[in-house]
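> Before anything else, here's the structure in question.
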Protein chains: 2
Amino acid sequence: MPPKPKSDAERQQLRTLIINVARELFVSRGVEAVTMREIAKRIGYSATSIYLYFADKESLLRAICDTDFLALATALKSILLIADPVERMHALGHGYANFALAYPNHYRLMFMTPHTPFVSEQSTLQLNNPEQDAYFQLKTVVHEVFLADKFNDEITNPDLVAQTIWAGIHGVCSLEISMSQDQWVNWCDISDRLVMMQTVMVRGLLKESVK
Amino acid sequence: MPPKPKSDAERQQLRTLIINVARELFVSRGVEAVTMREIAKRIGYSATSIYLYFADKESLLRAICDTDFLALATALKSILLIADPVERMHALGHGYANFALAYPNHYRLMFMTPHTPFVSEQSTLQLNNPEQDAYFQLKTVVHEVFLADKFNDEITNPDLVAQTIWAGIHGVCSLEISMSQDQWVNWCDISDRLVMMQTVMVRGLLKESVK
DNA sequence: TCATTAATTTAACGGTGTTAAATTAACAGC
DNA sequence: GCTGTTAATTTAACACCGTTAAATTAATGA
């Protein structure tokens with residue numbers, strides 16, 4: 001296909017087309033199994049054209065993750081409307097797990113696949129913007145619960161609580177994603193496991209009087 | 001190098017040599033980055049010789065994981081001597097996390113890397129043998145605690161508890177391994193996060209009277 | 001009309017996992 | 001002590017990978 005000077009809009013459009021096609025392939029068959037030539041064929045260009053928009057495969061992956069982080073924050077946005085902080089905290093955990101299990105391969109790319117770490121300078125994603133940063137959403141609600149004095153008295157560091165809640169939900173989801181097919185373990189139902197984790201967290205973190 | 005009929009012992013020896021060399025390389029630089037030719041060079045054979053012992057790279061990886069599962073169970077063996085079940089349960093979590101963080105790349109291969117699931121027929125590993133199966137160790141101690149009626153009354157399924165404890169510890173460790181370099185999150189100290197997780201679990205699972 | 005220039009492709013490089021064919025050397029039987 | 005057999009090992013080759021350099025295409029401005 002021939003060359004005609006491309007407007008910025010057209011360039012942007014092609015860039016996101018590459019991202020979407022690549023994500024679909026990565027997500028369905030794994031990063032390593034998908035070839036640059038294959039992505040190119042799907043968009044009707046030659047493999048080398050991708051390199052006009054991304055330095056290499058790794059930065060393509062990085063860009064995909066960025067848009068997925070945004071998708072996660074967006075998926076959780078409606079939960080932020082819940083007024084009661086304790087209830088909202090619970091719902092965030094639930095929504096996060098929903099996302100992880102509905103898009104396990106996206107989740108894998110985002111949180112379980114080794115790649116160059118996120119650095120804010122190279123991303124359009126805005127840290128600490130509740131519309132774009134799901135961790136900030138969690139951190140915020142945990143702070144609110146802390147200020148409302150609903151956590152049990154030994155707890156002094158709300159950031160630590162946020163990271164623990166994240167780890168708990170992430171633990172259930174990531175084990176499900178990477179180990180559920182393994183016959184080594186006789187897995188209980190995934191929703192039971194999620195409920196149990198949430199229950200344990202609530203019981204372990206909140207004051208007696210709140211539960 | 002020349003061929004002389006190899007005894008079974010010699011064959012076994014070479015096989016485990018391949019495993020050990022491959023693991024060292026995989027663990028230090030990642031599975032994808034290590035080449036069959038490189039493994040071969042380290043053991044002084046040509047690349048194709050590896051295929052006399054393993055069908056392909058994937059089954060070599062699978063064999064490595066098997067020996068690491070054994071290593072984990074062995075590392076936890078001394079903990080089984082602790083008489084008090086609650087104390088032992090706590091120590092198992094601690095020991096597991098120790099292993100994960102001391103050998104993060106082994107851990108990544110074992111629990112965070114996608115590969116063909118464990119199937120008992122293709123492995124020398126014995127399920128439900130406490131010397132070889134770390135999950136069985138956990139399941140056993142949780143059952144003991146359950147029978148001693150130390151869990152809070154809502155809890156009826158000890159397997160679910162075991163899987164929840166595993167998920168909690170795994171969540172902390174795996175986030176540490178794959179995300180600790182990420183400047184997106186202001187991570188608390190890893191040992192604080194582990195202590196917090198254990199505390200929350202204990203508080204959430206055990207009866208008031210036991211704590 | 002023609003040089004310029006940006007978009008795109010073709011060709012190529014050095015590498016990969018893997019397979020088929022060739023080579024090597026120890027052994028068994030004469 | 002030679003020779004054919006056989007197992008261990010290597011060499012050569014295949015198809016493919018990510019990536020780069022060079023060539024090609026066609027719209028644009030003078």
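Chain labels A, B, ... are given in the sequence in which chains occur in the structure tokens; within each chain residues are numbered consecutively from 1, and ligands are likewise numbered from 1 in the order shown.
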For chain C versus chain B, which residues have an atom no more than 12 Å away, and what is each residue's nearest atom pair and distance in Å rounded to one decimal, using only C-alpha atoms (C1' of nucleotides), chain-then-number order, as a Markdown table?


| residue | atom | partner | partner_atom | distance |
| --- | --- | --- | --- | --- |
| C:DG15 | C1' | B:Thr35 | CA | 9.9 |
| C:DT16 | C1' | B:Thr35 | CA | 7.5 |
| C:DG17 | C1' | B:Met36 | CA | 7.6 |
| C:DT18 | C1' | B:Asp56 | CA | 8.1 |
| C:DT19 | C1' | B:Thr48 | CA | 9.3 |
| C:DA20 | C1' | B:Thr48 | CA | 11.5 |
| C:DT23 | C1' | B:Pro2 | CA | 9.8 |
| C:DT24 | C1' | B:Pro2 | CA | 6.0 |
| C:DA25 | C1' | B:Pro3 | CA | 5.8 |
| C:DA26 | C1' | B:Lys4 | CA | 5.3 |
| C:DC27 | C1' | B:Pro5 | CA | 8.6 |

> Can you check which residues of chain A have any atom within 6 Å of chain B? Use only C-alpha atoms and format it as a PyMOL selection string.

chain A and resi 117-118+167-168+170-172+182+200+203-204

> Keeping N, CA and C atoms, export the residues of the selection given above as a compact mmCIF listing (two decimals), in the first residue's frame.


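Just written: again36.txt:
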# COMPACT_ATOMS: atom_id res chain seq x y z
N PRO A 117 9.35 -1.86 34.35
CA PRO A 117 8.38 -1.26 35.26
C PRO A 117 7.76 0.01 34.70
N PHE A 118 6.57 0.29 35.21
CA PHE A 118 5.88 1.52 34.85
C PHE A 118 6.72 2.72 35.29
N ALA A 167 -3.14 -7.31 48.05
CA ALA A 167 -2.44 -8.59 47.99
C ALA A 167 -3.40 -9.76 48.19
N GLY A 168 -4.35 -9.60 49.10
CA GLY A 168 -5.30 -10.67 49.36
C GLY A 168 -6.12 -11.01 48.14
N HIS A 170 -5.53 -10.05 45.04
CA HIS A 170 -4.62 -10.46 43.96
C HIS A 170 -4.19 -11.92 44.14
N GLY A 171 -3.95 -12.31 45.37
CA GLY A 171 -3.54 -13.69 45.62
C GLY A 171 -4.58 -14.68 45.14
N VAL A 172 -5.83 -14.45 45.49
CA VAL A 172 -6.90 -15.35 45.05
C VAL A 172 -6.99 -15.37 43.52
N ASP A 182 -4.49 -26.86 37.44
CA ASP A 182 -3.52 -27.79 38.00
C ASP A 182 -4.24 -28.81 38.89
N VAL A 200 -12.45 -12.78 55.66
CA VAL A 200 -11.30 -12.81 56.55
C VAL A 200 -10.69 -11.41 56.69
N ARG A 203 -13.02 -9.18 58.82
CA ARG A 203 -12.92 -9.59 60.22
C ARG A 203 -11.58 -9.24 60.83
N GLY A 204 -10.55 -9.34 60.02
CA GLY A 204 -9.21 -9.10 60.53
C GLY A 204 -8.86 -7.63 60.66

> Residues of chain D within 10 Å of chain B, using only C-alpha atoms (C1' of nucleotides), as number ranges by chain?

D: 6-11

> Find the residues near DA12 in chain C: any atom within 10 Å, counting only C-alpha atoms (C1' of nucleotides), skip ones fewer than 4 places away on the same chain, and give them as a list in words.

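Everything that qualifies: DT20, DA21 and DA22 of chain D.
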
> Could you check how far CA of His106 in chain A sits from CA of Leu61 in chain B, in Å to one decimal?

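Those two atoms sit 24.2 Å apart.
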
> Can you pull out every residue within 12 Å of Tyr103 in chain A, counting only C-alpha atoms (C1' of nucleotides), but drop anything in the same chain fewer than 6 positions away, and send it as a list in words?

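Result of the neighbour search: Arg23, Glu24, Val27, Ser28, Asp68, Ala71, Leu72, Ala75, Tyr96, Ala97, Leu109, Met110, Cys173, Ser174 and Ile177 of chain A.
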
> Could those selected residues go to a file with N, CA and C atoms, as a PDB file, in the first residue's frame?


ATOM      1  N   ARG A  23      -3.234  -6.514  21.472  1.00  0.00           N
ATOM      2  CA  ARG A  23      -3.762  -6.968  22.750  1.00  0.00           C
ATOM      3  C   ARG A  23      -4.613  -8.207  22.572  1.00  0.00           C
ATOM      4  N   GLU A  24      -5.493  -8.153  21.555  1.00  0.00           N
ATOM      5  CA  GLU A  24      -6.366  -9.307  21.328  1.00  0.00           C
ATOM      6  C   GLU A  24      -5.549 -10.580  21.136  1.00  0.00           C
ATOM      7  N   VAL A  27      -3.555 -11.509  24.421  1.00  0.00           N
ATOM      8  CA  VAL A  27      -4.466 -11.956  25.447  1.00  0.00           C
ATOM      9  C   VAL A  27      -4.978 -13.370  25.166  1.00  0.00           C
ATOM     10  N   SER A  28      -5.114 -13.696  23.898  1.00  0.00           N
ATOM     11  CA  SER A  28      -5.684 -15.006  23.618  1.00  0.00           C
ATOM     12  C   SER A  28      -4.618 -16.085  23.498  1.00  0.00           C
ATOM     13  N   ASP A  68      -4.900  -0.770  29.553  1.00  0.00           N
ATOM     14  CA  ASP A  68      -5.664  -1.677  30.408  1.00  0.00           C
ATOM     15  C   ASP A  68      -5.761  -1.165  31.837  1.00  0.00           C
ATOM     16  N   ALA A  71      -8.516   1.038  31.692  1.00  0.00           N
ATOM     17  CA  ALA A  71      -9.783   0.298  31.628  1.00  0.00           C
ATOM     18  C   ALA A  71     -10.192  -0.196  33.009  1.00  0.00           C
ATOM     19  N   LEU A  72      -9.228  -0.658  33.792  1.00  0.00           N
ATOM     20  CA  LEU A  72      -9.548  -1.122  35.142  1.00  0.00           C
ATOM     21  C   LEU A  72     -10.108   0.016  35.982  1.00  0.00           C
ATOM     22  N   ALA A  75     -13.563   0.780  34.903  1.00  0.00           N
ATOM     23  CA  ALA A  75     -14.535  -0.238  35.310  1.00  0.00           C
ATOM     24  C   ALA A  75     -14.957  -0.056  36.763  1.00  0.00           C
ATOM     25  N   TYR A  96     -12.640  -5.312  41.520  1.00  0.00           N
ATOM     26  CA  TYR A  96     -11.291  -5.637  41.066  1.00  0.00           C
ATOM     27  C   TYR A  96     -11.220  -7.112  40.666  1.00  0.00           C
ATOM     28  N   ALA A  97     -11.738  -7.973  41.517  1.00  0.00           N
ATOM     29  CA  ALA A  97     -11.706  -9.409  41.221  1.00  0.00           C
ATOM     30  C   ALA A  97     -12.529  -9.724  39.977  1.00  0.00           C
ATOM     31  N   LEU A 109      -1.172  -9.852  31.818  1.00  0.00           N
ATOM     32  CA  LEU A 109      -0.239  -8.877  31.251  1.00  0.00           C
ATOM     33  C   LEU A 109       0.059  -7.763  32.248  1.00  0.00           C
ATOM     34  N   MET A 110      -0.992  -7.311  32.936  1.00  0.00           N
ATOM     35  CA  MET A 110      -0.845  -6.150  33.801  1.00  0.00           C
ATOM     36  C   MET A 110      -0.063  -6.445  35.072  1.00  0.00           C
ATOM     37  N   CYS A 173      -7.008 -14.178  42.934  1.00  0.00           N
ATOM     38  CA  CYS A 173      -7.204 -14.096  41.477  1.00  0.00           C
ATOM     39  C   CYS A 173      -6.019 -14.682  40.709  1.00  0.00           C
ATOM     40  N   SER A 174      -4.816 -14.358  41.146  1.00  0.00           N
ATOM     41  CA  SER A 174      -3.666 -14.802  40.370  1.00  0.00           C
ATOM     42  C   SER A 174      -3.448 -16.303  40.507  1.00  0.00           C
ATOM     43  N   ILE A 177      -5.871 -17.776  38.160  1.00  0.00           N
ATOM     44  CA  ILE A 177      -5.483 -17.630  36.753  1.00  0.00           C
ATOM     45  C   ILE A 177      -4.357 -18.586  36.380  1.00  0.00           C
TER      46      ILE A 177
END

> Within 7 Å of Ala162 in chain B, counting only C-alpha atoms (C1' of nucleotides), which residues show up once you throw out same-chain ones fewer than 5 positions away? Write them as an MDAnalysis selection string, please.

chainID B and resid 138:139 142

> Those same residues - N, CA and C atoms - I'd like them written as a JSON list (two decimals), in the first residue's frame.


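Output contents, as saved in part29.json:
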[["chain", "number", "residue", "atom", "x", "y", "z"],
["B", 138, "LEU", "N", 0.24, -27.76, 54.44],
["B", 138, "LEU", "CA", -0.67, -26.68, 54.87],
["B", 138, "LEU", "C", -2.06, -27.23, 55.16],
["B", 139, "LYS", "N", -2.56, -28.05, 54.22],
["B", 139, "LYS", "CA", -3.90, -28.60, 54.35],
["B", 139, "LYS", "C", -4.01, -29.38, 55.67],
["B", 142, "VAL", "N", -4.10, -27.09, 58.78],
["B", 142, "VAL", "CA", -5.39, -26.39, 58.86],
["B", 142, "VAL", "C", -6.48, -27.33, 59.36]]
